[in-house]
>>> print(open('final_26.pdb').read())   # PDB, C-alpha atoms
ATOM      1  CA  MET C   1     104.178  82.389 114.739
ATOM      2  CA  THR C   2     106.922  80.069 113.581
ATOM      3  CA  GLU C   3     109.047  78.697 116.395
ATOM      4  CA  LEU C   4     112.680  79.328 115.645
ATOM      5  CA  THR C   5     114.938  76.729 117.123
ATOM      6  CA  GLU C   6     118.266  76.403 115.423
ATOM      7  CA  THR C   7     117.275  78.371 112.376
ATOM      8  CA  ARG C   8     119.290  81.501 111.961
ATOM      9  CA  VAL C   9     118.787  84.018 109.205
ATOM     10  CA  LEU C  10     121.596  86.398 108.400
ATOM     11  CA  LEU C  11     121.081  88.758 105.482
ATOM     12  CA  GLU C  12     122.922  91.864 104.385
ATOM     13  CA  PHE C  13     121.521  94.671 102.235
ATOM     14  CA  PRO C  14     123.654  97.485 100.780
ATOM     15  CA  VAL C  15     122.373 101.072 101.052
ATOM     16  CA  GLU C  16     123.601 103.887  98.835
ATOM     17  CA  GLY C  17     123.831 107.430 100.208
ATOM     18  CA  GLY C  18     121.792 109.963  98.219
ATOM     19  CA  ASN C  19     119.933 107.318  96.210
ATOM     20  CA  PHE C  20     116.380 108.381  97.086
ATOM     21  CA  PRO C  21     114.555 106.324  94.434
ATOM     22  CA  ALA C  22     116.001 103.137  95.984
ATOM     23  CA  ALA C  23     115.545 104.289  99.581
ATOM     24  CA  GLY C  24     113.408 101.809 101.466
ATOM     25  CA  GLU C  25     114.355  98.735  99.428
ATOM     26  CA  ALA C  26     116.416  97.246 102.253
ATOM     27  CA  ALA C  27     113.604  97.770 104.786
ATOM     28  CA  SER C  28     111.137  96.299 102.303
ATOM     29  CA  LYS C  29     113.308  93.164 101.929
ATOM     30  CA  VAL C  30     113.651  92.895 105.706
ATOM     31  CA  LYS C  31     109.875  93.093 106.071
ATOM     32  CA  LYS C  32     109.247  90.463 103.377
ATOM     33  CA  THR C  33     111.807  88.134 104.988
ATOM     34  CA  LEU C  34     110.123  88.433 108.409
ATOM     35  CA  GLN C  35     106.687  87.871 106.867
ATOM     36  CA  LYS C  36     107.966  84.717 105.118
ATOM     37  CA  LEU C  37     109.335  83.480 108.446
ATOM     38  CA  GLY C  38     105.885  83.935 109.976
ATOM     39  CA  ILE C  39     107.052  86.484 112.561
ATOM     40  CA  ASP C  40     104.274  88.197 114.567
ATOM     41  CA  SER C  41     102.792  91.054 112.486
ATOM     42  CA  ASN C  42     103.126  93.730 115.192
ATOM     43  CA  LEU C  43     106.758  92.815 115.725
ATOM     44  CA  THR C  44     107.352  92.795 111.960
ATOM     45  CA  ARG C  45     105.828  96.276 111.752
ATOM     46  CA  ARG C  46     108.078  97.615 114.547
ATOM     47  CA  VAL C  47     111.206  96.127 112.949
ATOM     48  CA  SER C  48     110.188  97.448 109.504
ATOM     49  CA  ILE C  49     109.584 101.010 110.733
ATOM     50  CA  ALA C  50     112.866 101.134 112.673
ATOM     51  CA  THR C  51     114.798  99.652 109.733
ATOM     52  CA  TYR C  52     113.220 102.106 107.306
ATOM     53  CA  GLU C  53     114.111 105.061 109.566
ATOM     54  CA  ALA C  54     117.701 103.788 109.853
ATOM     55  CA  GLU C  55     117.913 103.231 106.092
ATOM     56  CA  MET C  56     116.616 106.761 105.405
ATOM     57  CA  ASN C  57     119.254 108.148 107.764
ATOM     58  CA  ILE C  58     121.971 106.433 105.697
ATOM     59  CA  VAL C  59     120.470 107.688 102.403
ATOM     60  CA  ILE C  60     120.098 111.247 103.761
ATOM     61  CA  HIS C  61     123.308 111.649 105.730
ATOM     62  CA  ALA C  62     125.943 109.057 104.719
ATOM     63  CA  ASP C  63     128.038 108.084 101.677
ATOM     64  CA  TYR C  64     127.106 104.411 101.784
ATOM     65  CA  GLY C  65     126.235 101.721 104.231
ATOM     66  CA  LYS C  66     124.621  98.371 104.838
ATOM     67  CA  ILE C  67     121.798  96.914 106.846
ATOM     68  CA  THR C  68     122.170  93.505 108.421
ATOM     69  CA  LEU C  69     119.242  91.390 109.543
ATOM     70  CA  GLN C  70     119.776  88.560 111.966
ATOM     71  CA  VAL C  71     116.935  86.358 113.121
ATOM     72  CA  ASP C  72     117.719  83.852 115.821
ATOM     73  CA  PRO C  73     115.893  82.176 118.726
ATOM     74  CA  ASP C  74     116.628  85.140 121.030
ATOM     75  CA  GLY C  75     115.157  87.825 118.831
ATOM     76  CA  ILE C  76     115.546  89.936 115.738
ATOM     77  CA  TRP C  77     118.627  92.078 115.350
ATOM     78  CA  ILE C  78     119.103  94.926 112.915
ATOM     79  CA  ARG C  79     122.409  96.640 112.386
ATOM     80  CA  ALA C  80     122.658  99.760 110.209
ATOM     81  CA  GLU C  81     126.258 100.725 109.560
ATOM     82  CA  ASP C  82     127.439 103.577 107.390
ATOM     83  CA  ARG C  83     130.477 105.438 106.193
ATOM     84  CA  GLY C  84     129.965 109.167 106.313
ATOM     85  CA  LYS C  85     130.166 112.299 108.379
ATOM     86  CA  GLY C  86     128.924 110.697 111.621
ATOM     87  CA  ILE C  87     126.859 112.243 114.412
ATOM     88  CA  PRO C  88     128.661 114.957 116.424
ATOM     89  CA  ASP C  89     126.327 114.728 119.439
ATOM     90  CA  ILE C  90     124.198 111.572 119.770
ATOM     91  CA  SER C  91     122.185 112.843 122.763
ATOM     92  CA  GLN C  92     121.194 115.899 120.719
ATOM     93  CA  ALA C  93     120.217 113.681 117.768
ATOM     94  CA  MET C  94     117.917 111.720 120.080
ATOM     95  CA  ILE C  95     115.837 114.814 120.879
ATOM     96  CA  GLU C  96     112.512 114.868 119.005
ATOM     97  CA  GLY C  97     112.534 117.690 116.484
ATOM     98  CA  PHE C  98     116.313 117.998 116.208
ATOM     99  CA  SER C  99     117.390 117.552 112.598
ATOM    100  CA  THR C 100     120.300 118.424 110.333
ATOM    101  CA  ALA C 101     118.567 117.200 107.171
ATOM    102  CA  PRO C 102     118.895 119.496 104.130
ATOM    103  CA  GLU C 103     115.915 121.396 102.705
ATOM    104  CA  ARG C 104     115.337 119.044  99.742
ATOM    105  CA  VAL C 105     114.946 116.132 102.159
ATOM    106  CA  ARG C 106     112.436 118.120 104.216
ATOM    107  CA  GLU C 107     110.441 118.817 101.069
ATOM    108  CA  MET C 108     110.046 115.041 100.682
ATOM    109  CA  GLY C 109     108.405 114.891 104.105
ATOM    110  CA  PHE C 110     111.446 113.738 106.070
ATOM    111  CA  GLY C 111     113.829 115.625 108.335
ATOM    112  CA  ALA C 112     111.386 116.354 111.120
ATOM    113  CA  GLY C 113     113.887 115.115 113.680
ATOM    114  CA  MET C 114     111.833 112.044 114.518
ATOM    115  CA  GLY C 115     114.005 109.284 113.029
ATOM    116  CA  LEU C 116     116.190 108.224 115.948
ATOM    117  CA  PRO C 117     113.477 108.903 118.585
ATOM    118  CA  ASN C 118     111.106 106.710 116.547
ATOM    119  CA  ILE C 119     113.717 103.943 116.309
ATOM    120  CA  LYS C 120     114.055 104.098 120.098
ATOM    121  CA  LYS C 121     110.273 103.804 120.414
ATOM    122  CA  CYS C 122     110.101 100.754 118.125
ATOM    123  CA  ALA C 123     113.130  98.787 119.334
ATOM    124  CA  ASP C 124     113.552  96.923 122.622
ATOM    125  CA  LEU C 125     117.289  97.560 122.568
ATOM    126  CA  LEU C 126     119.164 100.377 120.884
ATOM    127  CA  GLU C 127     122.837 101.189 120.722
ATOM    128  CA  ILE C 128     124.255 104.016 118.646
ATOM    129  CA  SER C 129     127.941 104.633 118.102
ATOM    130  CA  SER C 130     129.449 107.239 115.831
ATOM    131  CA  LYS C 131     132.830 108.644 114.863
ATOM    132  CA  LEU C 132     133.065 112.005 113.141
ATOM    133  CA  ASN C 133     133.955 111.750 109.450
ATOM    134  CA  ILE C 134     134.092 107.957 109.698
ATOM    135  CA  GLY C 135     130.540 106.755 110.210
ATOM    136  CA  THR C 136     127.708 105.613 112.398
ATOM    137  CA  THR C 137     126.400 102.261 113.599
ATOM    138  CA  VAL C 138     122.842 101.850 114.845
ATOM    139  CA  ALA C 139     122.235  98.434 116.440
ATOM    140  CA  MET C 140     118.691  97.454 117.357
ATOM    141  CA  GLY C 141     117.223  94.444 119.081
ATOM    142  CA  PHE C 142     113.647  93.189 119.092
ATOM    143  CA  TYR C 143     112.300  90.447 121.331
ATOM    144  CA  TYR C 144     109.564  88.016 120.367
ATOM    145  CA  PRO C 145     106.232  88.774 122.068
ATOM    146  CA  THR C 146     106.463  85.718 124.318
ATOM    147  CA  ALA C 147     110.170  85.987 125.110
ATOM    148  CA  LYS C 148     111.220  87.017 128.569
ATOM    149  CA  ARG C 149     112.902  90.410 128.529
ATOM    150  CA  GLU C 150     116.166  90.334 130.379
ATOM    151  CA  SER C 151     117.734  93.684 131.102
ATOM    152  CA  GLY C 152     121.332  94.081 130.151
ATOM    153  CA  GLN C 153     121.286  91.500 127.369
ATOM    154  CA  SER C 154     123.754  92.560 124.746
ATOM    155  CA  LYS C 155     123.286  92.499 121.000
ATOM    156  CA  PRO C 156     125.298  90.310 118.676
ATOM    157  CA  ASN C 157     128.304  91.741 116.878
TER     158      ASN C 157
ATOM    159  CA  MET T   1      83.345 102.455 106.789
ATOM    160  CA  LYS T   2      84.275 100.974 103.433
ATOM    161  CA  LEU T   3      86.893 102.754 101.327
ATOM    162  CA  ARG T   4      84.190 103.158  98.651
ATOM    163  CA  GLU T   5      82.207 105.408 100.993
ATOM    164  CA  VAL T   6      85.318 107.507 101.659
ATOM    165  CA  GLN T   7      85.743 107.895  97.913
ATOM    166  CA  LYS T   8      82.152 109.125  97.565
ATOM    167  CA  LEU T   9      82.379 111.531 100.528
ATOM    168  CA  LEU T  10      85.551 113.121  99.155
ATOM    169  CA  LYS T  11      84.390 112.952  95.512
ATOM    170  CA  ALA T  12      87.728 111.275  94.866
ATOM    171  CA  LYS T  13      89.081 109.705  91.708
ATOM    172  CA  THR T  14      90.669 106.249  91.932
ATOM    173  CA  LEU T  15      94.207 105.982  90.552
ATOM    174  CA  THR T  16      94.662 102.314  91.413
ATOM    175  CA  GLY T  17      92.926  99.642  93.498
ATOM    176  CA  GLU T  18      89.368 100.229  92.222
ATOM    177  CA  GLY T  19      88.567  96.559  92.832
ATOM    178  CA  LEU T  20      89.499  96.867  96.524
ATOM    179  CA  LEU T  21      87.297  99.851  97.428
ATOM    180  CA  ASP T  22      84.242  97.746  98.265
ATOM    181  CA  GLN T  23      86.290  95.292 100.332
ATOM    182  CA  LEU T  24      88.597  97.421 102.440
ATOM    183  CA  GLU T  25      87.313  98.689 105.758
ATOM    184  CA  VAL T  26      88.699 102.022 106.968
ATOM    185  CA  LYS T  27      88.935 102.235 110.735
ATOM    186  CA  MET T  28      91.189 105.208 111.320
ATOM    187  CA  ILE T  29      92.462 108.227 109.434
ATOM    188  CA  CYS T  30      95.774 110.038 109.520
ATOM    189  CA  GLY T  31      96.196 113.422 107.830
ATOM    190  CA  SER T  32      99.801 114.554 107.451
ATOM    191  CA  ASP T  33     102.387 115.970 105.085
ATOM    192  CA  LEU T  34     105.282 114.753 107.210
ATOM    193  CA  ILE T  35     106.489 111.200 106.588
ATOM    194  CA  SER T  36     108.379 111.253 109.890
ATOM    195  CA  ASP T  37     105.123 111.870 111.772
ATOM    196  CA  VAL T  38     103.230 109.282 109.728
ATOM    197  CA  LEU T  39     105.875 106.682 110.643
ATOM    198  CA  THR T  40     105.708 107.640 114.302
ATOM    199  CA  PHE T  41     102.001 108.057 114.981
ATOM    200  CA  THR T  42      99.945 106.171 112.398
ATOM    201  CA  LYS T  43      98.268 102.922 113.387
ATOM    202  CA  GLU T  44      98.206  99.938 111.041
ATOM    203  CA  LYS T  45      95.394  99.618 108.503
ATOM    204  CA  SER T  46      94.790 103.378 108.636
ATOM    205  CA  LEU T  47      93.968 105.497 105.623
ATOM    206  CA  LEU T  48      96.451 108.308 105.006
ATOM    207  CA  LEU T  49      95.395 111.698 103.670
ATOM    208  CA  THR T  50      98.384 113.638 102.370
ATOM    209  CA  GLY T  51      99.706 116.106  99.822
ATOM    210  CA  LEU T  52     102.978 114.176  99.433
ATOM    211  CA  THR T  53     103.215 112.314  96.138
ATOM    212  CA  ASN T  54     106.858 111.113  96.053
ATOM    213  CA  PRO T  55     107.791 107.398  95.947
ATOM    214  CA  GLN T  56     108.696 107.422  99.646
ATOM    215  CA  ILE T  57     105.051 107.747 100.574
ATOM    216  CA  ILE T  58     104.428 104.308  99.027
ATOM    217  CA  ARG T  59     107.432 102.846 100.876
ATOM    218  CA  THR T  60     106.058 104.380 104.066
ATOM    219  CA  ALA T  61     102.630 102.850 103.397
ATOM    220  CA  GLU T  62     104.300  99.460 102.930
ATOM    221  CA  MET T  63     106.225  99.700 106.208
ATOM    222  CA  ILE T  64     103.263 100.702 108.371
ATOM    223  CA  ASP T  65     100.583  98.648 106.579
ATOM    224  CA  LEU T  66      98.295 101.466 105.445
ATOM    225  CA  CYS T  67      94.997 100.412 103.854
ATOM    226  CA  GLY T  68      95.229 103.197 101.255
ATOM    227  CA  ILE T  69      96.256 106.772 100.479
ATOM    228  CA  VAL T  70      94.118 109.776  99.497
ATOM    229  CA  PHE T  71      96.057 112.594  97.845
ATOM    230  CA  VAL T  72      94.484 115.929  98.710
ATOM    231  CA  ARG T  73      94.471 119.334  96.979
ATOM    232  CA  GLY T  74      94.238 117.558  93.620
ATOM    233  CA  LYS T  75      97.858 116.386  93.878
ATOM    234  CA  THR T  76      98.448 113.535  91.464
ATOM    235  CA  PRO T  77     101.495 111.265  91.755
ATOM    236  CA  SER T  78     103.619 110.126  88.812
ATOM    237  CA  ASP T  79     102.824 106.933  86.878
ATOM    238  CA  GLU T  80     105.843 105.350  88.601
ATOM    239  CA  VAL T  81     104.327 105.989  92.023
ATOM    240  CA  VAL T  82     100.934 104.625  90.895
ATOM    241  CA  SER T  83     102.677 101.475  89.574
ATOM    242  CA  MET T  84     104.518 101.021  92.880
ATOM    243  CA  ALA T  85     101.164 101.158  94.696
ATOM    244  CA  ALA T  86      99.527  98.764  92.216
ATOM    245  CA  GLU T  87     102.323  96.220  92.782
ATOM    246  CA  ARG T  88     101.567  96.374  96.512
ATOM    247  CA  SER T  89      97.750  96.264  96.112
ATOM    248  CA  LEU T  90      97.567  99.675  97.768
ATOM    249  CA  PRO T  91      94.577 101.769  96.652
ATOM    250  CA  LEU T  92      95.326 105.387  95.695
ATOM    251  CA  LEU T  93      92.660 108.082  95.507
ATOM    252  CA  VAL T  94      92.877 111.768  94.647
ATOM    253  CA  THR T  95      90.484 114.493  95.786
ATOM    254  CA  ASP T  96      90.416 118.203  94.924
ATOM    255  CA  LEU T  97      89.536 119.011  98.538
ATOM    256  CA  PRO T  98      92.249 120.366 100.855
ATOM    257  CA  LEU T  99      93.580 118.292 103.761
ATOM    258  CA  TYR T 100      91.608 120.059 106.493
ATOM    259  CA  GLU T 101      88.252 119.830 104.744
ATOM    260  CA  SER T 102      88.857 116.193 103.740
ATOM    261  CA  CYS T 103      89.677 115.240 107.325
ATOM    262  CA  GLY T 104      86.664 117.222 108.567
ATOM    263  CA  LEU T 105      84.255 115.417 106.266
ATOM    264  CA  LEU T 106      85.538 111.992 107.288
ATOM    265  CA  TYR T 107      85.622 112.873 110.984
ATOM    266  CA  ASN T 108      82.053 114.122 110.756
ATOM    267  CA  ALA T 109      81.104 110.816 109.153
ATOM    268  CA  GLY T 110      82.373 109.000 112.252
ATOM    269  CA  LEU T 111      85.964 108.059 111.416
ATOM    270  CA  GLN T 112      88.489 108.566 114.186
ATOM    271  CA  GLY T 113      92.094 109.688 114.114
ATOM    272  CA  CYS T 114      95.080 107.570 115.102
ATOM    273  CA  SER T 115      95.406 109.153 118.547
ATOM    274  CA  GLY T 116      92.244 107.366 119.641
ATOM    275  CA  LEU T 117      91.002 110.667 121.059
ATOM    276  CA  GLN T 118      87.239 111.044 120.944
ATOM    277  CA  ILE T 119      85.984 114.607 120.838
ATOM    278  CA  ASN T 120      82.287 115.281 120.798
ATOM    279  CA  CYS T 121      82.246 118.296 118.500
ATOM    280  CA  ARG T 122      79.142 117.428 116.554
ATOM    281  CA  GLY T 123      76.788 118.883 119.100
TER     282      GLY T 123
END
>>> encode(input="final_26.pdb", output="structure tokens")
Amino acid sequence: MTELTETRVLLEFPVEGGNFPAAGEAASKVKKTLQKLGIDSNLTRRVSIATYEAEMNIVIHADYGKITLQVDPDGIWIRAEDRGKGIPDISQAMIEGFSTAPERVREMGFGAGMGLPNIKKCADLLEISSKLNIGTTVAMGFYYPTAKRESGQSKPN
Amino acid sequence: MKLREVQKLLKAKTLTGEGLLDQLEVKMICGSDLISDVLTFTKEKSLLLTGLTNPQIIRTAEMIDLCGIVFVRGKTPSDEVVSMAAERSLPLLVTDLPLYESCGLLYNAGLQGCSGLQINCRG
């Protein structure tokens, strides 16, 4: 794996609500960026899955949003921000099987209520904030395999 | 087991990736029609058996590093989906067999599922 010292990658990818054909492009670009940087393949896979889940949530539920990737010596940070209806009850949304996805989304194989629980499973740090009819921010942090995990470390803004 | 052997067992047609069938080794199988479950439970380099043919299944394969997809029940994806897979060097097969029978044949041939559970049901 490449040792990151001062190198810092900061990339932003727009995500359009309802645009299913393009859904996954941001996560795909995140994955390719991490592969180019030589990041550990298991870590890359965890970041990719979590980013894809977060991107699908924006496409399914929000009007528009963006995904930000930050790679620095401390870890990999993904921030998925959207403008939309927001999440009325975050603790309910974290329960496996709970979903408010419409029928047409379920027909595509999504909407099983596994998105946020799966993000939690993949990420080392997760913070979700939401305001009704304004939007949602999902911030995730991923440590490098060799990095020491310190509890309480906060994510970048 | 090579992907070629899977193709023969399931009497499957190759939609793309013919040149990779003799190279790729299948270690585990996942059978599901729920992308959410595939993203949660499937191990990398697995072969996915599914009835879903929309573009998101290719995106999903890309994210979790699948070694290929077999579409069951004779479901054939659009040319656009096949092109997406070709760009990613992801082999696509299609079999007329249903999901349960396809999984049963491959399980009987010694391929395990992604849970890692080993059940001795072959007597």
>>> closest_residue(input="final_26.pdb", among="T:Arg73, T:Arg59, T:Lys43, T:Lys27", to="T:Leu93", atoms="only C-alpha atoms")
T:Arg73
>>> residues_around(input="final_26.pdb", residues="T:Thr50", least_positions_apart="3", cutoff="12 Å", atoms="all atoms listed in the file", output="ChimeraX atom specification")
/C:108-109 /T:29-35,37-38,47,53-54,57-58,61,68-77,92-100,102-103
>>> interface_residues(input="final_26.pdb", of="chain C", to="chain T", cutoff="12 Å", atoms="only C-alpha atoms", output="mmCIF file with C-alpha atoms, in the coordinates of the input")
data_model
loop_
_atom_site.group_PDB
_atom_site.id
_atom_site.type_symbol
_atom_site.label_atom_id
_atom_site.label_comp_id
_atom_site.auth_asym_id
_atom_site.auth_seq_id
_atom_site.Cartn_x
_atom_site.Cartn_y
_atom_site.Cartn_z
ATOM 1 C CA ASN C 19 119.933 107.318 96.210
ATOM 2 C CA PHE C 20 116.380 108.381 97.086
ATOM 3 C CA PRO C 21 114.555 106.324 94.434
ATOM 4 C CA ALA C 22 116.001 103.137 95.984
ATOM 5 C CA ALA C 23 115.545 104.289 99.581
ATOM 6 C CA GLY C 24 113.408 101.809 101.466
ATOM 7 C CA GLU C 25 114.355 98.735 99.428
ATOM 8 C CA ALA C 26 116.416 97.246 102.253
ATOM 9 C CA ALA C 27 113.604 97.770 104.786
ATOM 10 C CA SER C 28 111.137 96.299 102.303
ATOM 11 C CA LYS C 29 113.308 93.164 101.929
ATOM 12 C CA VAL C 30 113.651 92.895 105.706
ATOM 13 C CA LYS C 31 109.875 93.093 106.071
ATOM 14 C CA LYS C 32 109.247 90.463 103.377
ATOM 15 C CA GLN C 35 106.687 87.871 106.867
ATOM 16 C CA SER C 41 102.792 91.054 112.486
ATOM 17 C CA ASN C 42 103.126 93.730 115.192
ATOM 18 C CA LEU C 43 106.758 92.815 115.725
ATOM 19 C CA THR C 44 107.352 92.795 111.960
ATOM 20 C CA ARG C 45 105.828 96.276 111.752
ATOM 21 C CA ARG C 46 108.078 97.615 114.547
ATOM 22 C CA VAL C 47 111.206 96.127 112.949
ATOM 23 C CA SER C 48 110.188 97.448 109.504
ATOM 24 C CA ILE C 49 109.584 101.010 110.733
ATOM 25 C CA ALA C 50 112.866 101.134 112.673
ATOM 26 C CA THR C 51 114.798 99.652 109.733
ATOM 27 C CA TYR C 52 113.220 102.106 107.306
ATOM 28 C CA GLU C 53 114.111 105.061 109.566
ATOM 29 C CA ALA C 54 117.701 103.788 109.853
ATOM 30 C CA GLU C 55 117.913 103.231 106.092
ATOM 31 C CA MET C 56 116.616 106.761 105.405
ATOM 32 C CA ASN C 57 119.254 108.148 107.764
ATOM 33 C CA GLU C 96 112.512 114.868 119.005
ATOM 34 C CA GLY C 97 112.534 117.690 116.484
ATOM 35 C CA SER C 99 117.390 117.552 112.598
ATOM 36 C CA VAL C 105 114.946 116.132 102.159
ATOM 37 C CA ARG C 106 112.436 118.120 104.216
ATOM 38 C CA GLU C 107 110.441 118.817 101.069
ATOM 39 C CA MET C 108 110.046 115.041 100.682
ATOM 40 C CA GLY C 109 108.405 114.891 104.105
ATOM 41 C CA PHE C 110 111.446 113.738 106.070
ATOM 42 C CA GLY C 111 113.829 115.625 108.335
ATOM 43 C CA ALA C 112 111.386 116.354 111.120
ATOM 44 C CA GLY C 113 113.887 115.115 113.680
ATOM 45 C CA MET C 114 111.833 112.044 114.518
ATOM 46 C CA GLY C 115 114.005 109.284 113.029
ATOM 47 C CA LEU C 116 116.190 108.224 115.948
ATOM 48 C CA PRO C 117 113.477 108.903 118.585
ATOM 49 C CA ASN C 118 111.106 106.710 116.547
ATOM 50 C CA ILE C 119 113.717 103.943 116.309
ATOM 51 C CA LYS C 120 114.055 104.098 120.098
ATOM 52 C CA LYS C 121 110.273 103.804 120.414
ATOM 53 C CA CYS C 122 110.101 100.754 118.125
#
>>> axis_aligned_box(input="final_26.pdb", around="stretch 42-59 of chain T", padding_each_side="8 Å", output="lines of an AutoDock Vina configuration file")
center_x = 101.3
center_y = 107.9
center_z = 104.7
size_x = 30.7
size_y = 32.5
size_z = 33.4
>>> resolve_selection(input="final_26.pdb", expression="the PyMOL selection byres ((chain C and resi 127-144) around 7)", output="PDB file with C-alpha atoms, keeping the file's coordinate frame")
ATOM      1  CA  ASP C  74     116.628  85.140 121.030  1.00  0.00           C
ATOM      2  CA  GLY C  75     115.157  87.825 118.831  1.00  0.00           C
ATOM      3  CA  ILE C  76     115.546  89.936 115.738  1.00  0.00           C
ATOM      4  CA  TRP C  77     118.627  92.078 115.350  1.00  0.00           C
ATOM      5  CA  ILE C  78     119.103  94.926 112.915  1.00  0.00           C
ATOM      6  CA  ARG C  79     122.409  96.640 112.386  1.00  0.00           C
ATOM      7  CA  ALA C  80     122.658  99.760 110.209  1.00  0.00           C
ATOM      8  CA  GLU C  81     126.258 100.725 109.560  1.00  0.00           C
ATOM      9  CA  ASP C  82     127.439 103.577 107.390  1.00  0.00           C
ATOM     10  CA  ARG C  83     130.477 105.438 106.193  1.00  0.00           C
ATOM     11  CA  GLY C  84     129.965 109.167 106.313  1.00  0.00           C
ATOM     12  CA  LYS C  85     130.166 112.299 108.379  1.00  0.00           C
ATOM     13  CA  GLY C  86     128.924 110.697 111.621  1.00  0.00           C
ATOM     14  CA  ILE C  87     126.859 112.243 114.412  1.00  0.00           C
ATOM     15  CA  PRO C  88     128.661 114.957 116.424  1.00  0.00           C
ATOM     16  CA  ALA C 123     113.130  98.787 119.334  1.00  0.00           C
ATOM     17  CA  ASP C 124     113.552  96.923 122.622  1.00  0.00           C
ATOM     18  CA  LEU C 125     117.289  97.560 122.568  1.00  0.00           C
ATOM     19  CA  LEU C 126     119.164 100.377 120.884  1.00  0.00           C
ATOM     20  CA  PRO C 145     106.232  88.774 122.068  1.00  0.00           C
ATOM     21  CA  THR C 146     106.463  85.718 124.318  1.00  0.00           C
ATOM     22  CA  ALA C 147     110.170  85.987 125.110  1.00  0.00           C
ATOM     23  CA  LYS C 155     123.286  92.499 121.000  1.00  0.00           C
TER      24      LYS C 155
END
>>> atom_distance(input="final_26.pdb", atom1="atom CA of C:Gly38", atom2="atom CA of T:Lys45")
18.9 Å
>>> resolve_selection(input="final_26.pdb", expression="the PyMOL selection byres ((chain T and resi 8-21) around 7)", output="list in words")
Lys2, Leu3, Arg4, Glu5, Val6, Gln7, Asp22, Gln23, Leu24, Val82, Ala86, Ser89, Leu90, Pro91, Leu92, Leu93, Val94, Thr95 and Ser102 of chain T
>>> atom_distance(input="final_26.pdb", atom1="atom CA of T:Val81", atom2="atom CA of C:Gly17")
21.2 Å
>>> closest_residue(input="final_26.pdb", among="C:Ile58, C:Pro73, C:Gly65, C:Met94", to="C:Phe13", atoms="all atoms listed in the file")
C:Gly65
>>> resolve_selection(input="final_26.pdb", expression="the PyMOL selection byres ((chain C and resi 11) around 8)", output="mmCIF file with C-alpha atoms, in the frame of the given file")
data_model
loop_
_atom_site.group_PDB
_atom_site.id
_atom_site.type_symbol
_atom_site.label_atom_id
_atom_site.label_comp_id
_atom_site.auth_asym_id
_atom_site.auth_seq_id
_atom_site.Cartn_x
_atom_site.Cartn_y
_atom_site.Cartn_z
ATOM 1 C CA VAL C 9 118.787 84.018 109.205
ATOM 2 C CA LEU C 10 121.596 86.398 108.400
ATOM 3 C CA GLU C 12 122.922 91.864 104.385
ATOM 4 C CA PHE C 13 121.521 94.671 102.235
ATOM 5 C CA THR C 68 122.170 93.505 108.421
ATOM 6 C CA LEU C 69 119.242 91.390 109.543
ATOM 7 C CA GLN C 70 119.776 88.560 111.966
#
